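Undergrad: Pasting in a structure now, in structure tokens, and then I'll have a few things to ask.
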Amino acid sequence: MTADDRPLRIAPLWAADPGMRAIMAALTAEGAEARFVGGCVRNALLGPEAPAETDIDVAINRPPPETIRLLEQAGLKAIPTGVEHGTVTAATPDVDKSEESPGERRVAAVEVTSLRRDVETDGRRAVVAFTEDWAEDAGRRDFTMNALYADADGVVHDPLGQGRSDLAARRVRFIGAAEQRIREDYLRSLRYFRFYAWYGAAGGLDPEDLSAVTRLASGIDGLARERIGAEMLKLLAAPDPAPVIAAMAAPGILARCLPGATSEN
């Protein structure tokens, strides 16, 4: 048995939150599987060195109407915030704030998204179909380190078999073919640099991934300036963004985001 085969558990404070436990219990009451997914799992695995993760996302192997029914029959509020893409916002029940531990942040709402696969993409939005296959859902995500899930008991699941090892190595890597992932949403080109600034190991970006980002750089021009600006602000908040900014400047990607900018500005 290899290190990546052994069961691994996380125990972040938010997973033990009473409201969060109530949501997970409601979602799994009739045999459905619900798991935490993405950044909250990634950063919990990284430990105290990781930036604080403010978004707690959950995936479930049931379609949105079933998600809503499971929440409502448990007396919880279900808000259909993005049902066409599978997302329902679950509002946690009121909790006595006096019970909070020092430094603890009680969860107020959680986005619960049905497992899905892309049917059609246009570089920004996707038409999706729902599935019960965790690997299929993982395969549509951007980077391997974001395709990690954890159940209510904290057991980590890695459907693609790459996320744990890539995260441990601080290897920011697109899932599957980089060009395909980027063409699905061109913002992923900028997310690639942002994730490297926050989570990448020293030594430079992957040459093949960087080449794909460079070849498809023109797709950035079609993104809303608000999306570009938000992504750049997150990148600049990294502890040392300068090397990544320089890597963006060399192929002209930085200038597409900040017209007139170079690594020397």
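Residues are named by chain letter and number: chains run A, B, ... in the order of the structure tokens, numbers start at 1 in each chain, and ligands are numbered from 1 in the order shown.
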Skipping near chain neighbours, those fewer than 3 positions away, what residues fall within 6 Å of A:Thr87 using only C-alpha atoms, listed as number ranges by chain?

TA: A: 82-83, 112-113

Undergrad: Residues of stretch 134-219 of chain A classed as alpha helix (DSSP H) by DSSP on the backbone are to be reported as a short mmCIF file (atom, residue, chain, number, x, y, z; two decimals) with all heavy atoms, in the first residue's frame.

TA:
```
data_model
loop_
_atom_site.label_atom_id
_atom_site.label_comp_id
_atom_site.auth_asym_id
_atom_site.auth_seq_id
_atom_site.Cartn_x
_atom_site.Cartn_y
_atom_site.Cartn_z
N TRP A 134 -18.43 10.21 -9.09
CA TRP A 134 -17.52 11.17 -8.47
C TRP A 134 -16.32 11.46 -9.37
O TRP A 134 -15.84 12.60 -9.43
CB TRP A 134 -17.06 10.66 -7.11
CG TRP A 134 -18.17 10.63 -6.11
CD1 TRP A 134 -19.00 9.59 -5.82
CD2 TRP A 134 -18.61 11.73 -5.29
NE1 TRP A 134 -19.92 9.96 -4.87
CE2 TRP A 134 -19.70 11.26 -4.52
CE3 TRP A 134 -18.18 13.04 -5.13
CZ2 TRP A 134 -20.37 12.07 -3.60
CZ3 TRP A 134 -18.84 13.86 -4.21
CH2 TRP A 134 -19.92 13.38 -3.47
N ALA A 135 -15.82 10.46 -10.07
CA ALA A 135 -14.67 10.68 -10.95
C ALA A 135 -15.04 11.58 -12.12
O ALA A 135 -14.23 12.40 -12.57
CB ALA A 135 -14.13 9.34 -11.47
N GLU A 136 -16.27 11.45 -12.61
CA GLU A 136 -16.72 12.30 -13.71
C GLU A 136 -16.82 13.75 -13.25
O GLU A 136 -16.43 14.68 -13.97
CB GLU A 136 -18.08 11.81 -14.23
CG GLU A 136 -18.48 12.40 -15.57
CD GLU A 136 -19.68 11.68 -16.17
OE1 GLU A 136 -20.52 11.16 -15.41
OE2 GLU A 136 -19.77 11.65 -17.42
N ASP A 137 -17.31 13.96 -12.04
CA ASP A 137 -17.38 15.30 -11.49
C ASP A 137 -15.97 15.87 -11.27
O ASP A 137 -15.71 17.03 -11.62
CB ASP A 137 -18.13 15.28 -10.16
CG ASP A 137 -18.31 16.66 -9.55
OD1 ASP A 137 -19.18 17.40 -10.03
OD2 ASP A 137 -17.58 16.99 -8.60
N ALA A 138 -15.08 15.06 -10.75
CA ALA A 138 -13.71 15.51 -10.52
C ALA A 138 -13.02 15.87 -11.82
O ALA A 138 -12.23 16.83 -11.89
CB ALA A 138 -12.92 14.43 -9.79
N GLY A 139 -13.33 15.12 -12.88
CA GLY A 139 -12.65 15.31 -14.16
C GLY A 139 -12.98 16.61 -14.85
O GLY A 139 -12.27 17.01 -15.77
N GLY A 163 -4.63 14.08 -6.97
CA GLY A 163 -4.73 15.28 -6.16
C GLY A 163 -3.85 15.28 -4.93
O GLY A 163 -3.18 16.27 -4.64
N ARG A 164 -3.85 14.17 -4.18
CA ARG A 164 -3.07 14.12 -2.94
C ARG A 164 -1.58 14.26 -3.22
O ARG A 164 -0.88 15.03 -2.55
CB ARG A 164 -3.35 12.83 -2.19
CG ARG A 164 -4.66 12.80 -1.45
CD ARG A 164 -4.87 11.47 -0.74
NE ARG A 164 -3.80 11.21 0.22
CZ ARG A 164 -3.70 10.08 0.91
NH1 ARG A 164 -4.61 9.12 0.74
NH2 ARG A 164 -2.71 9.90 1.77
N SER A 165 -1.09 13.52 -4.20
CA SER A 165 0.35 13.57 -4.48
C SER A 165 0.76 14.92 -5.05
O SER A 165 1.82 15.46 -4.70
CB SER A 165 0.75 12.44 -5.44
OG SER A 165 0.02 12.51 -6.65
N ASP A 166 -0.06 15.50 -5.92
CA ASP A 166 0.26 16.81 -6.49
C ASP A 166 0.24 17.89 -5.41
O ASP A 166 1.09 18.78 -5.39
CB ASP A 166 -0.70 17.17 -7.61
CG ASP A 166 -0.37 16.46 -8.92
OD1 ASP A 166 0.71 15.84 -9.00
OD2 ASP A 166 -1.18 16.53 -9.86
N LEU A 167 -0.73 17.81 -4.50
CA LEU A 167 -0.79 18.79 -3.42
C LEU A 167 0.43 18.67 -2.51
O LEU A 167 1.03 19.68 -2.13
CB LEU A 167 -2.07 18.61 -2.62
CG LEU A 167 -2.30 19.61 -1.48
CD1 LEU A 167 -2.40 21.03 -2.01
CD2 LEU A 167 -3.55 19.25 -0.68
N ALA A 168 0.82 17.45 -2.19
CA ALA A 168 1.98 17.24 -1.33
C ALA A 168 3.25 17.78 -1.97
O ALA A 168 4.14 18.30 -1.28
CB ALA A 168 2.14 15.75 -1.01
N ALA A 178 -4.39 20.42 -20.66
CA ALA A 178 -4.46 21.82 -20.24
C ALA A 178 -5.29 22.65 -21.22
O ALA A 178 -6.11 23.48 -20.82
CB ALA A 178 -3.06 22.40 -20.10
N GLU A 179 -5.10 22.43 -22.52
CA GLU A 179 -5.83 23.22 -23.51
C GLU A 179 -7.34 23.02 -23.37
O GLU A 179 -8.10 23.99 -23.49
CB GLU A 179 -5.36 22.87 -24.93
CG GLU A 179 -3.99 23.43 -25.27
CD GLU A 179 -3.78 23.55 -26.78
OE1 GLU A 179 -4.77 23.44 -27.53
OE2 GLU A 179 -2.64 23.79 -27.18
N GLN A 180 -7.77 21.82 -23.14
CA GLN A 180 -9.20 21.57 -22.99
C GLN A 180 -9.75 22.28 -21.76
O GLN A 180 -10.81 22.91 -21.82
CB GLN A 180 -9.47 20.07 -22.87
CG GLN A 180 -10.96 19.74 -22.70
CD GLN A 180 -11.21 18.25 -22.58
OE1 GLN A 180 -10.34 17.42 -22.87
NE2 GLN A 180 -12.40 17.90 -22.12
N ARG A 181 -9.02 22.20 -20.64
CA ARG A 181 -9.48 22.86 -19.42
C ARG A 181 -9.59 24.37 -19.63
O ARG A 181 -10.52 25.01 -19.16
CB ARG A 181 -8.52 22.57 -18.26
CG ARG A 181 -8.43 21.13 -17.81
CD ARG A 181 -9.61 20.72 -16.94
NE ARG A 181 -10.79 20.35 -17.73
CZ ARG A 181 -10.95 19.18 -18.31
NH1 ARG A 181 -10.01 18.26 -18.21
NH2 ARG A 181 -12.04 18.93 -18.99
N ILE A 182 -8.61 24.95 -20.33
CA ILE A 182 -8.60 26.39 -20.55
C ILE A 182 -9.72 26.81 -21.49
O ILE A 182 -10.41 27.81 -21.26
CB ILE A 182 -7.24 26.85 -21.08
CG1 ILE A 182 -6.15 26.61 -20.03
CG2 ILE A 182 -7.26 28.33 -21.47
CD1 ILE A 182 -4.74 26.74 -20.57
N ARG A 183 -9.94 26.05 -22.56
CA ARG A 183 -10.98 26.41 -23.52
C ARG A 183 -12.37 26.36 -22.88
O ARG A 183 -13.29 27.05 -23.32
CB ARG A 183 -10.93 25.47 -24.73
CG ARG A 183 -9.72 25.70 -25.63
CD ARG A 183 -9.78 24.81 -26.86
NE ARG A 183 -8.56 24.87 -27.64
CZ ARG A 183 -8.26 25.84 -28.50
NH1 ARG A 183 -9.12 26.83 -28.70
NH2 ARG A 183 -7.12 25.81 -29.16
N GLU A 184 -12.53 25.55 -21.84
CA GLU A 184 -13.81 25.49 -21.14
C GLU A 184 -14.10 26.78 -20.39
O GLU A 184 -15.24 27.19 -20.25
CB GLU A 184 -13.81 24.30 -20.17
CG GLU A 184 -13.84 22.96 -20.87
CD GLU A 184 -13.51 21.81 -19.94
OE1 GLU A 184 -13.08 22.06 -18.78
OE2 GLU A 184 -13.64 20.65 -20.36
N LEU A 187 -10.77 31.93 -17.86
CA LEU A 187 -10.30 32.47 -16.59
C LEU A 187 -9.31 31.51 -15.93
O LEU A 187 -8.50 31.92 -15.09
CB LEU A 187 -11.47 32.75 -15.65
CG LEU A 187 -11.13 33.54 -14.38
CD1 LEU A 187 -10.76 34.97 -14.73
CD2 LEU A 187 -12.29 33.52 -13.39
N ARG A 188 -9.36 30.24 -16.31
CA ARG A 188 -8.44 29.26 -15.73
C ARG A 188 -6.99 29.59 -16.04
O ARG A 188 -6.09 29.18 -15.30
CB ARG A 188 -8.80 27.86 -16.22
CG ARG A 188 -10.07 27.32 -15.58
CD ARG A 188 -10.51 26.00 -16.17
NE ARG A 188 -11.64 25.45 -15.42
CZ ARG A 188 -12.35 24.40 -15.80
NH1 ARG A 188 -12.05 23.78 -16.93
NH2 ARG A 188 -13.35 23.96 -15.05
N SER A 189 -6.74 30.32 -17.11
CA SER A 189 -5.37 30.75 -17.40
C SER A 189 -4.84 31.62 -16.27
O SER A 189 -3.70 31.47 -15.82
CB SER A 189 -5.31 31.53 -18.72
OG SER A 189 -5.59 30.69 -19.82
N LEU A 190 -5.67 32.53 -15.80
CA LEU A 190 -5.25 33.41 -14.71
C LEU A 190 -5.26 32.68 -13.38
O LEU A 190 -4.41 32.92 -12.52
CB LEU A 190 -6.17 34.64 -14.65
CG LEU A 190 -6.26 35.46 -15.94
CD1 LEU A 190 -7.07 36.73 -15.69
CD2 LEU A 190 -4.88 35.81 -16.46
N ARG A 191 -6.22 31.79 -13.20
CA ARG A 191 -6.24 30.98 -11.98
C ARG A 191 -4.98 30.13 -11.87
O ARG A 191 -4.48 29.89 -10.77
CB ARG A 191 -7.48 30.07 -11.97
CG ARG A 191 -8.77 30.79 -11.62
CD ARG A 191 -9.99 29.90 -11.79
NE ARG A 191 -9.94 28.70 -10.97
CZ ARG A 191 -10.30 28.65 -9.69
NH1 ARG A 191 -10.71 29.74 -9.07
NH2 ARG A 191 -10.27 27.52 -9.01
N TYR A 192 -4.46 29.70 -12.99
CA TYR A 192 -3.23 28.90 -12.98
C TYR A 192 -2.09 29.69 -12.32
O TYR A 192 -1.37 29.17 -11.45
CB TYR A 192 -2.85 28.52 -14.41
CG TYR A 192 -1.56 27.75 -14.52
CD1 TYR A 192 -1.46 26.46 -14.01
CD2 TYR A 192 -0.44 28.30 -15.11
CE1 TYR A 192 -0.27 25.74 -14.10
CE2 TYR A 192 0.75 27.61 -15.20
CZ TYR A 192 0.83 26.32 -14.69
OH TYR A 192 2.00 25.63 -14.77
N PHE A 193 -1.94 30.94 -12.71
CA PHE A 193 -0.88 31.77 -12.12
C PHE A 193 -1.18 32.07 -10.65
O PHE A 193 -0.29 32.04 -9.80
CB PHE A 193 -0.73 33.07 -12.90
CG PHE A 193 -0.16 32.88 -14.28
CD1 PHE A 193 -0.97 33.01 -15.40
CD2 PHE A 193 1.17 32.56 -14.47
CE1 PHE A 193 -0.46 32.84 -16.68
CE2 PHE A 193 1.70 32.38 -15.74
CZ PHE A 193 0.88 32.51 -16.85
N ARG A 194 -2.44 32.36 -10.35
CA ARG A 194 -2.80 32.66 -8.96
C ARG A 194 -2.55 31.46 -8.05
O ARG A 194 -1.99 31.58 -6.96
CB ARG A 194 -4.27 33.08 -8.90
CG ARG A 194 -4.66 33.66 -7.54
CD ARG A 194 -5.62 32.78 -6.79
NE ARG A 194 -6.92 32.70 -7.43
CZ ARG A 194 -7.95 32.06 -6.89
NH1 ARG A 194 -7.83 31.46 -5.72
NH2 ARG A 194 -9.10 31.98 -7.53
N PHE A 195 -2.92 30.27 -8.53
CA PHE A 195 -2.71 29.09 -7.71
C PHE A 195 -1.22 28.79 -7.54
O PHE A 195 -0.79 28.34 -6.47
CB PHE A 195 -3.44 27.88 -8.31
CG PHE A 195 -4.83 27.72 -7.78
CD1 PHE A 195 -5.84 28.59 -8.18
CD2 PHE A 195 -5.15 26.74 -6.86
CE1 PHE A 195 -7.13 28.48 -7.69
CE2 PHE A 195 -6.43 26.61 -6.35
CZ PHE A 195 -7.42 27.49 -6.77
N TYR A 196 -0.46 29.06 -8.58
CA TYR A 196 0.97 28.83 -8.43
C TYR A 196 1.56 29.80 -7.41
O TYR A 196 2.42 29.42 -6.61
CB TYR A 196 1.71 28.96 -9.77
CG TYR A 196 3.11 28.42 -9.68
CD1 TYR A 196 3.38 27.07 -9.86
CD2 TYR A 196 4.17 29.25 -9.33
CE1 TYR A 196 4.65 26.56 -9.71
CE2 TYR A 196 5.45 28.75 -9.18
CZ TYR A 196 5.69 27.40 -9.37
OH TYR A 196 6.95 26.90 -9.20
N ALA A 197 1.12 31.05 -7.42
CA ALA A 197 1.62 32.03 -6.47
C ALA A 197 1.33 31.61 -5.02
O ALA A 197 2.15 31.82 -4.12
CB ALA A 197 1.01 33.40 -6.76
N TRP A 198 0.17 30.99 -4.81
CA TRP A 198 -0.22 30.60 -3.46
C TRP A 198 0.28 29.20 -3.07
O TRP A 198 0.67 28.98 -1.91
CB TRP A 198 -1.73 30.63 -3.33
CG TRP A 198 -2.30 31.99 -3.08
CD1 TRP A 198 -2.88 32.83 -3.99
CD2 TRP A 198 -2.32 32.69 -1.84
NE1 TRP A 198 -3.27 34.00 -3.40
CE2 TRP A 198 -2.94 33.94 -2.07
CE3 TRP A 198 -1.87 32.39 -0.55
CZ2 TRP A 198 -3.13 34.89 -1.05
CZ3 TRP A 198 -2.06 33.33 0.45
CH2 TRP A 198 -2.68 34.56 0.20
N TYR A 199 0.27 28.27 -4.02
CA TYR A 199 0.48 26.87 -3.64
C TYR A 199 1.64 26.19 -4.37
O TYR A 199 2.00 25.07 -4.03
CB TYR A 199 -0.80 26.06 -3.92
CG TYR A 199 -2.02 26.62 -3.25
CD1 TYR A 199 -3.03 27.24 -3.98
CD2 TYR A 199 -2.16 26.55 -1.87
CE1 TYR A 199 -4.15 27.77 -3.38
CE2 TYR A 199 -3.28 27.08 -1.24
CZ TYR A 199 -4.27 27.70 -2.00
OH TYR A 199 -5.37 28.23 -1.38
N PRO A 207 6.43 23.68 -17.88
CA PRO A 207 6.59 24.22 -19.24
C PRO A 207 5.43 23.90 -20.17
O PRO A 207 5.02 24.76 -20.96
CB PRO A 207 7.88 23.55 -19.73
CG PRO A 207 8.63 23.20 -18.48
CD PRO A 207 7.56 22.84 -17.47
N GLU A 208 4.87 22.69 -20.09
CA GLU A 208 3.76 22.33 -20.99
C GLU A 208 2.50 23.11 -20.65
O GLU A 208 1.80 23.60 -21.55
CB GLU A 208 3.50 20.83 -20.91
CG GLU A 208 4.62 19.98 -21.51
CD GLU A 208 4.25 18.52 -21.57
OE1 GLU A 208 3.07 18.18 -21.30
OE2 GLU A 208 5.13 17.70 -21.89
N ASP A 209 2.20 23.25 -19.36
CA ASP A 209 1.03 24.02 -18.98
C ASP A 209 1.21 25.49 -19.35
O ASP A 209 0.28 26.14 -19.85
CB ASP A 209 0.78 23.89 -17.47
CG ASP A 209 0.13 22.56 -17.10
OD1 ASP A 209 -0.29 21.83 -18.01
OD2 ASP A 209 0.05 22.25 -15.90
N LEU A 210 2.39 26.02 -19.10
CA LEU A 210 2.65 27.42 -19.44
C LEU A 210 2.54 27.65 -20.94
O LEU A 210 2.02 28.67 -21.40
CB LEU A 210 4.04 27.83 -18.95
CG LEU A 210 4.43 29.30 -19.17
CD1 LEU A 210 3.43 30.23 -18.51
CD2 LEU A 210 5.84 29.56 -18.64
N SER A 211 2.99 26.68 -21.73
CA SER A 211 2.89 26.77 -23.18
C SER A 211 1.43 26.80 -23.62
O SER A 211 1.04 27.59 -24.49
CB SER A 211 3.60 25.60 -23.84
OG SER A 211 3.45 25.63 -25.24
N ALA A 212 0.59 25.98 -22.99
CA ALA A 212 -0.84 25.95 -23.33
C ALA A 212 -1.50 27.29 -22.96
O ALA A 212 -2.29 27.83 -23.74
CB ALA A 212 -1.53 24.80 -22.60
N VAL A 213 -1.18 27.81 -21.79
CA VAL A 213 -1.73 29.10 -21.38
C VAL A 213 -1.33 30.18 -22.37
O VAL A 213 -2.14 31.03 -22.76
CB VAL A 213 -1.24 29.45 -19.96
CG1 VAL A 213 -1.59 30.90 -19.62
CG2 VAL A 213 -1.86 28.51 -18.93
N THR A 214 -0.08 30.16 -22.81
CA THR A 214 0.42 31.17 -23.74
C THR A 214 -0.27 31.07 -25.10
O THR A 214 -0.67 32.08 -25.69
CB THR A 214 1.94 31.03 -23.91
OG1 THR A 214 2.58 31.16 -22.63
CG2 THR A 214 2.50 32.09 -24.85
N ARG A 215 -0.44 29.84 -25.60
CA ARG A 215 -1.08 29.65 -26.91
C ARG A 215 -2.52 30.15 -26.91
O ARG A 215 -3.02 30.61 -27.95
CB ARG A 215 -1.05 28.18 -27.31
CG ARG A 215 0.32 27.66 -27.71
CD ARG A 215 0.21 26.32 -28.42
NE ARG A 215 -0.45 25.30 -27.61
CZ ARG A 215 0.19 24.53 -26.73
NH1 ARG A 215 1.50 24.69 -26.54
NH2 ARG A 215 -0.47 23.61 -26.03
#
```

Undergrad: Output as number ranges by chain all residues of stretch 93-223 of chain A that backbone DSSP marks as strand (DSSP E).

TA: A: 109-114, 116-121, 126-130, 149-150, 156-157

Undergrad: If we count only C-alpha atoms, what is near A:Asp221 at a cut-off of 12 Å, once residues fewer than 5 positions away on the same chain are taken out, given as a list of chain:residue names?

TA: A:Gly123, A:Arg124, A:Tyr186, A:Leu187, A:Ser189, A:Leu190, A:Leu216, A:Arg227, A:Ile228, A:Ile253, A:Leu254, A:Ala255, A:Arg256, A:Cys257, A:Leu258, A:Pro259

Undergrad: Write a file of the selected residues as a PDB file, in the first residue's frame, keeping C-alpha atoms.

TA:
```pdb
ATOM      1  CA  GLY A 123     -15.002  29.582 -22.719  1.00  0.00           C
ATOM      2  CA  ARG A 124     -17.010  31.132 -19.920  1.00  0.00           C
ATOM      3  CA  TYR A 186     -10.411  31.099 -20.124  1.00  0.00           C
ATOM      4  CA  LEU A 187     -10.297  32.471 -16.592  1.00  0.00           C
ATOM      5  CA  SER A 189      -5.368  30.748 -17.399  1.00  0.00           C
ATOM      6  CA  LEU A 190      -5.253  33.412 -14.714  1.00  0.00           C
ATOM      7  CA  LEU A 216      -4.604  30.414 -25.702  1.00  0.00           C
ATOM      8  CA  ARG A 227     -13.484  38.733 -13.433  1.00  0.00           C
ATOM      9  CA  ILE A 228      -9.932  39.577 -14.467  1.00  0.00           C
ATOM     10  CA  ILE A 253      -0.301  37.690 -20.556  1.00  0.00           C
ATOM     11  CA  LEU A 254       0.161  40.391 -17.926  1.00  0.00           C
ATOM     12  CA  ALA A 255      -0.398  43.115 -20.535  1.00  0.00           C
ATOM     13  CA  ARG A 256      -3.731  41.525 -21.483  1.00  0.00           C
ATOM     14  CA  CYS A 257      -4.839  41.832 -17.872  1.00  0.00           C
ATOM     15  CA  LEU A 258      -3.250  45.188 -17.082  1.00  0.00           C
ATOM     16  CA  PRO A 259      -2.704  47.084 -20.361  1.00  0.00           C
TER      17      PRO A 259
END
```

Undergrad: Atom CA of A:Asp153 to atom CA of A:Ala11: how many Å, to one decimal?

TA: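 Going from atom CA of A:Asp153 over to atom CA of A:Ala11 covers 8.3 Å.
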
Undergrad: Name the closest residue to A:Glu111 among the candidates A:Gly39, A:Gly86, A:Gly219, A:Gly176; distances are taken between atoms, counting only C-alpha atoms.

TA: A:Gly86

Undergrad: Excluding stretch 145-149 of chain A and its own-chain neighbours fewer than 5 positions away, which residues fall within 6 Å of it when counting only C-alpha atoms? Please give them as a list of chain:residue names.

TA: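 Result of the neighbour search: A:Arg35, A:Phe36, A:Val37, A:Gly38, A:Ala138, A:Val156, A:His157, A:Asp158, A:Gly163, A:Leu167.
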
Undergrad: Between atom CA of A:Ala237 and atom CA of A:Asp17, what is the distance, to one decimal in Å?

TA: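 If I compute the distance from atom CA of A:Ala237 to atom CA of A:Asp17, I get 28.2 Å.
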
Undergrad: Could you jot down the atom CA of A:Pro243 to atom CA of A:Arg140 separation for me, Å, one decimal place?

TA: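 Those two atoms sit 28.7 Å apart.
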